[in-house]
$ cat query-v6.cif   # mmCIF, N, CA and C atoms
data_work
#
loop_
_atom_site.label_atom_id
_atom_site.label_comp_id
_atom_site.auth_asym_id
_atom_site.auth_seq_id
_atom_site.Cartn_x
_atom_site.Cartn_y
_atom_site.Cartn_z
N ALA M 298 14.28 -3.71 -3.30
CA ALA M 298 13.34 -4.06 -4.36
C ALA M 298 11.91 -3.86 -3.89
N LEU M 299 11.07 -3.49 -4.81
CA LEU M 299 9.66 -3.30 -4.50
C LEU M 299 8.91 -4.60 -4.73
N PRO M 300 7.93 -4.88 -3.89
CA PRO M 300 7.13 -6.08 -4.09
C PRO M 300 6.34 -6.00 -5.39
N ILE M 301 6.23 -7.13 -6.08
CA ILE M 301 5.44 -7.21 -7.31
C ILE M 301 4.27 -8.15 -7.05
N SER M 302 3.08 -7.70 -7.41
CA SER M 302 1.87 -8.49 -7.24
C SER M 302 1.40 -8.98 -8.60
N PRO M 303 0.92 -10.23 -8.69
CA PRO M 303 0.37 -10.70 -9.96
C PRO M 303 -0.98 -10.06 -10.28
N GLN M 304 -1.62 -9.44 -9.28
CA GLN M 304 -2.89 -8.77 -9.51
C GLN M 304 -2.65 -7.46 -10.24
N GLY M 305 -3.59 -7.08 -11.09
CA GLY M 305 -3.51 -5.80 -11.78
C GLY M 305 -3.66 -4.65 -10.80
N PRO M 306 -3.35 -3.43 -11.24
CA PRO M 306 -3.42 -2.27 -10.35
C PRO M 306 -4.79 -2.04 -9.72
N SER M 307 -5.89 -2.28 -10.46
CA SER M 307 -7.23 -2.06 -9.90
C SER M 307 -7.51 -3.03 -8.76
N ASP M 308 -7.16 -4.31 -8.95
CA ASP M 308 -7.38 -5.30 -7.90
C ASP M 308 -6.47 -5.04 -6.70
N THR M 309 -5.24 -4.62 -6.97
CA THR M 309 -4.30 -4.32 -5.88
C THR M 309 -4.79 -3.13 -5.08
N PHE M 310 -5.28 -2.09 -5.76
CA PHE M 310 -5.85 -0.91 -5.10
C PHE M 310 -7.00 -1.33 -4.19
N ALA M 311 -7.92 -2.15 -4.73
CA ALA M 311 -9.08 -2.61 -3.96
C ALA M 311 -8.63 -3.42 -2.74
N PHE M 312 -7.60 -4.26 -2.91
CA PHE M 312 -7.11 -5.07 -1.80
C PHE M 312 -6.65 -4.18 -0.64
N PHE M 313 -5.79 -3.22 -0.91
CA PHE M 313 -5.29 -2.35 0.16
C PHE M 313 -6.40 -1.48 0.73
N ARG M 314 -7.29 -0.96 -0.13
CA ARG M 314 -8.40 -0.13 0.32
C ARG M 314 -9.29 -0.90 1.29
N ASP M 315 -9.49 -2.20 1.03
CA ASP M 315 -10.37 -3.02 1.86
C ASP M 315 -9.68 -3.63 3.08
N GLN M 316 -8.40 -3.99 2.96
CA GLN M 316 -7.73 -4.74 4.02
C GLN M 316 -7.14 -3.86 5.13
N PHE M 317 -6.61 -2.70 4.81
CA PHE M 317 -6.00 -1.87 5.86
C PHE M 317 -7.02 -1.46 6.92
N PRO M 318 -8.24 -1.04 6.55
CA PRO M 318 -9.22 -0.72 7.60
C PRO M 318 -9.55 -1.92 8.49
N LYS M 319 -9.51 -3.13 7.95
CA LYS M 319 -9.76 -4.33 8.76
C LYS M 319 -8.68 -4.52 9.82
N ALA M 320 -7.49 -3.94 9.60
CA ALA M 320 -6.39 -4.02 10.56
C ALA M 320 -6.37 -2.78 11.46
N GLY M 321 -7.43 -1.97 11.41
CA GLY M 321 -7.53 -0.82 12.30
C GLY M 321 -7.00 0.49 11.75
N TRP M 322 -6.63 0.52 10.48
CA TRP M 322 -6.12 1.75 9.86
C TRP M 322 -7.28 2.55 9.28
N THR M 323 -7.19 3.88 9.35
CA THR M 323 -8.20 4.77 8.81
C THR M 323 -7.71 5.34 7.49
N GLY M 324 -8.54 5.25 6.46
CA GLY M 324 -8.18 5.85 5.18
C GLY M 324 -8.21 7.36 5.28
N ILE M 325 -7.12 8.02 4.89
CA ILE M 325 -7.03 9.48 4.94
C ILE M 325 -7.30 10.07 3.57
N SER M 326 -6.68 9.51 2.54
CA SER M 326 -6.93 9.97 1.18
C SER M 326 -6.51 8.89 0.20
N SER M 327 -7.01 9.01 -1.02
CA SER M 327 -6.60 8.07 -2.06
C SER M 327 -6.85 8.70 -3.42
N ILE M 328 -6.07 8.24 -4.39
CA ILE M 328 -6.27 8.64 -5.77
C ILE M 328 -5.98 7.41 -6.62
N LYS M 329 -6.90 7.12 -7.54
CA LYS M 329 -6.74 5.97 -8.43
C LYS M 329 -6.42 6.53 -9.81
N ALA M 330 -5.18 6.32 -10.24
CA ALA M 330 -4.70 6.87 -11.50
C ALA M 330 -3.61 5.95 -12.04
N LYS M 331 -2.83 6.42 -13.01
CA LYS M 331 -1.73 5.60 -13.54
C LYS M 331 -0.82 5.17 -12.39
N THR M 332 -0.51 6.10 -11.50
CA THR M 332 0.14 5.77 -10.23
C THR M 332 -0.89 6.05 -9.16
N SER M 333 -1.40 4.99 -8.52
CA SER M 333 -2.42 5.14 -7.49
C SER M 333 -1.76 5.24 -6.13
N ILE M 334 -2.36 6.06 -5.26
CA ILE M 334 -1.82 6.29 -3.92
C ILE M 334 -2.95 6.21 -2.91
N LEU M 335 -2.71 5.48 -1.83
CA LEU M 335 -3.62 5.44 -0.69
C LEU M 335 -2.82 5.86 0.55
N VAL M 336 -3.45 6.62 1.43
CA VAL M 336 -2.81 7.04 2.67
C VAL M 336 -3.70 6.61 3.83
N PHE M 337 -3.10 5.93 4.81
CA PHE M 337 -3.81 5.45 5.99
C PHE M 337 -3.12 5.97 7.24
N ALA M 338 -3.89 6.08 8.32
CA ALA M 338 -3.33 6.49 9.61
C ALA M 338 -3.85 5.58 10.71
N LYS M 339 -3.00 5.39 11.71
CA LYS M 339 -3.37 4.62 12.89
C LYS M 339 -2.51 5.13 14.03
N GLY M 340 -3.16 5.66 15.06
CA GLY M 340 -2.39 6.21 16.18
C GLY M 340 -1.50 7.34 15.70
N ASP M 341 -0.21 7.23 15.98
CA ASP M 341 0.73 8.29 15.59
C ASP M 341 1.52 7.94 14.34
N ARG M 342 1.00 7.00 13.53
CA ARG M 342 1.72 6.57 12.33
C ARG M 342 0.86 6.74 11.08
N THR M 343 1.52 6.91 9.96
CA THR M 343 0.84 6.92 8.66
C THR M 343 1.53 5.92 7.74
N VAL M 344 0.77 5.42 6.79
CA VAL M 344 1.31 4.53 5.76
C VAL M 344 0.81 5.03 4.41
N THR M 345 1.74 5.16 3.47
CA THR M 345 1.40 5.51 2.10
C THR M 345 1.63 4.28 1.23
N VAL M 346 0.63 3.93 0.42
CA VAL M 346 0.71 2.80 -0.49
C VAL M 346 0.71 3.37 -1.91
N GLU M 347 1.77 3.09 -2.66
CA GLU M 347 1.88 3.55 -4.04
C GLU M 347 1.83 2.32 -4.95
N ILE M 348 0.94 2.35 -5.93
CA ILE M 348 0.73 1.20 -6.82
C ILE M 348 0.95 1.63 -8.27
N ASN M 349 1.84 0.91 -8.95
CA ASN M 349 2.12 1.15 -10.37
C ASN M 349 1.95 -0.15 -11.14
N GLU M 350 1.60 -0.05 -12.42
CA GLU M 350 1.48 -1.24 -13.26
C GLU M 350 2.87 -1.83 -13.50
N ALA M 351 2.97 -3.16 -13.40
CA ALA M 351 4.26 -3.83 -13.59
C ALA M 351 4.40 -4.38 -15.01
N GLY M 352 3.29 -4.84 -15.61
CA GLY M 352 3.37 -5.44 -16.93
C GLY M 352 4.11 -6.76 -16.95
N THR M 353 4.30 -7.36 -15.77
CA THR M 353 5.07 -8.59 -15.64
C THR M 353 4.21 -9.84 -15.84
N PHE M 354 2.94 -9.75 -15.52
CA PHE M 354 2.05 -10.90 -15.56
C PHE M 354 0.97 -10.69 -16.61
N ALA M 355 0.23 -11.74 -16.94
CA ALA M 355 -0.85 -11.64 -17.94
C ALA M 355 -1.88 -10.60 -17.52
N SER M 356 -2.12 -10.48 -16.20
CA SER M 356 -3.10 -9.51 -15.70
C SER M 356 -2.53 -8.10 -15.67
N GLY M 357 -1.27 -7.96 -16.00
CA GLY M 357 -0.62 -6.65 -15.92
C GLY M 357 0.31 -6.59 -14.73
N GLY M 358 -0.14 -7.11 -13.59
CA GLY M 358 0.67 -7.08 -12.39
C GLY M 358 0.82 -5.68 -11.85
N SER M 359 1.35 -5.59 -10.64
CA SER M 359 1.52 -4.30 -9.97
C SER M 359 2.82 -4.28 -9.20
N ILE M 360 3.41 -3.10 -9.14
CA ILE M 360 4.54 -2.85 -8.26
C ILE M 360 3.99 -2.01 -7.11
N VAL M 361 4.24 -2.45 -5.88
CA VAL M 361 3.69 -1.79 -4.70
C VAL M 361 4.82 -1.28 -3.82
N ASN M 362 4.73 -0.02 -3.43
CA ASN M 362 5.69 0.56 -2.49
C ASN M 362 4.93 1.06 -1.28
N LEU M 363 5.26 0.53 -0.11
CA LEU M 363 4.65 0.96 1.15
C LEU M 363 5.67 1.77 1.94
N THR M 364 5.26 2.95 2.41
CA THR M 364 6.14 3.77 3.22
C THR M 364 5.41 4.10 4.52
N ALA M 365 6.02 3.74 5.65
CA ALA M 365 5.45 4.02 6.97
C ALA M 365 6.27 5.11 7.64
N ALA M 366 5.59 6.02 8.32
CA ALA M 366 6.30 7.11 8.99
C ALA M 366 5.45 7.60 10.16
N PRO M 367 6.09 8.22 11.15
CA PRO M 367 5.31 8.85 12.21
C PRO M 367 4.56 10.05 11.63
N LYS M 368 3.37 10.35 12.16
CA LYS M 368 2.62 11.52 11.70
C LYS M 368 3.50 12.75 11.88
N GLY M 369 3.59 13.53 10.84
CA GLY M 369 4.41 14.74 10.91
C GLY M 369 5.89 14.47 10.83
N GLY M 370 6.28 13.20 10.68
CA GLY M 370 7.69 12.84 10.64
C GLY M 370 8.29 13.06 9.26
N THR M 371 9.61 13.04 9.19
CA THR M 371 10.29 13.25 7.92
C THR M 371 11.19 12.09 7.54
N ALA M 372 11.23 11.02 8.34
CA ALA M 372 12.13 9.90 8.06
C ALA M 372 11.32 8.64 7.82
N PRO M 373 10.87 8.38 6.57
CA PRO M 373 10.06 7.20 6.29
C PRO M 373 10.83 5.90 6.45
N VAL M 374 10.09 4.84 6.76
CA VAL M 374 10.65 3.50 6.86
C VAL M 374 9.90 2.64 5.86
N ASN M 375 10.60 2.01 4.92
CA ASN M 375 9.95 1.16 3.93
C ASN M 375 9.62 -0.20 4.55
N VAL M 376 8.42 -0.69 4.26
CA VAL M 376 7.95 -1.99 4.72
C VAL M 376 7.73 -2.84 3.49
N THR M 377 8.29 -4.04 3.47
CA THR M 377 8.16 -4.91 2.32
C THR M 377 7.22 -6.06 2.63
N PRO M 378 5.95 -6.00 2.14
CA PRO M 378 5.03 -7.11 2.40
C PRO M 378 5.50 -8.37 1.68
N GLY M 379 5.15 -9.51 2.24
CA GLY M 379 5.55 -10.77 1.65
C GLY M 379 6.95 -11.19 2.02
N GLN M 380 7.64 -10.37 2.79
CA GLN M 380 9.00 -10.69 3.23
C GLN M 380 8.99 -10.93 4.74
N GLY M 381 7.88 -11.50 5.24
CA GLY M 381 7.79 -11.78 6.66
C GLY M 381 7.22 -10.61 7.45
N ASN M 382 6.85 -9.53 6.75
CA ASN M 382 6.28 -8.36 7.41
C ASN M 382 4.77 -8.32 7.14
N PRO M 383 3.94 -8.52 8.16
CA PRO M 383 2.49 -8.38 7.95
C PRO M 383 2.15 -6.90 7.79
N PRO M 384 0.93 -6.58 7.32
CA PRO M 384 0.56 -5.17 7.26
C PRO M 384 0.76 -4.54 8.64
N PRO M 385 1.20 -3.29 8.70
CA PRO M 385 1.40 -2.64 10.00
C PRO M 385 0.13 -2.67 10.82
N ARG M 386 0.27 -2.86 12.09
CA ARG M 386 -0.90 -2.91 12.99
C ARG M 386 -0.92 -1.74 13.91
#

$ encode --input "query-v6.cif" --output "structure tokens"
Amino acid sequence: ALPISPQGPSDTFAFFRDQFPKAGWTGISSIKAKTSILVFAKGDRTVTVEINEAGTFASGGSIVNLTAAPKGGTAPVNVTPGQGNPPPR
């Protein structure tokens, strides 16, 4: 299952855009659209954050999918925030 945030997609996008660099991740690219995507890198790893509107909460809510992989790798590992997994460091 994908994590669902009560924050709308714009607030969720801003949260990841602002918080990942504080944990030492470098923003590589991002697009803010119906499906927003942010890509971060740190050392030999990358993380892709995909944000979609959930429509579950009054604010709209968001469904967030985080995929971590080695740079140049082909076997992603899904990370589920809020399930005891802090943002990758």

$ resolve_selection --input "query-v6.cif" --expression "the PyMOL selection byres (((chain M and resi 335 and name CA) around 7) and name CA)" --output "ChimeraX atom specification"
/M:326-328,333-334,336-337,345-347

$ resolve_selection --input "query-v6.cif" --expression "the PyMOL selection byres ((chain M and resi 359) around 6.5)" --output "ChimeraX atom specification"
/M:300-306,348-353,357-358,360-361

$ atom_distance --input "query-v6.cif" --atom1 "atom CA of Gly321 of chain M" --atom2 "atom CA of Lys339 of chain M"
6.9 Å

$ select_by_dssp --input "query-v6.cif" --residues "segment 316-359 of chain M" --states "helix (DSSP H, G or I)" --output "count of residues only"
4

$ atom_distance --input "query-v6.cif" --atom1 "atom CA of Ala366 of chain M" --atom2 "atom CA of Thr309 of chain M"
21.5 Å

$ resolve_selection --input "query-v6.cif" --expression "the PyMOL selection byres ((chain M and resi 343) around 5)" --output "number ranges by chain"
M: 337-338, 341-342, 344-345, 365-368

$ atom_distance --input "query-v6.cif" --atom1 "atom CA of Ala330 of chain M" --atom2 "atom CA of Pro318 of chain M"
21.0 Å

$ axis_aligned_box --input "query-v6.cif" --around "segment 359-364 of chain M" --padding-each-side "8 Å" --output "JSON"
{"center_x": 3.7, "center_y": -0.7, "center_z": -3.1, "size_x": 20.8, "size_y": 25.7, "size_z": 31.2}
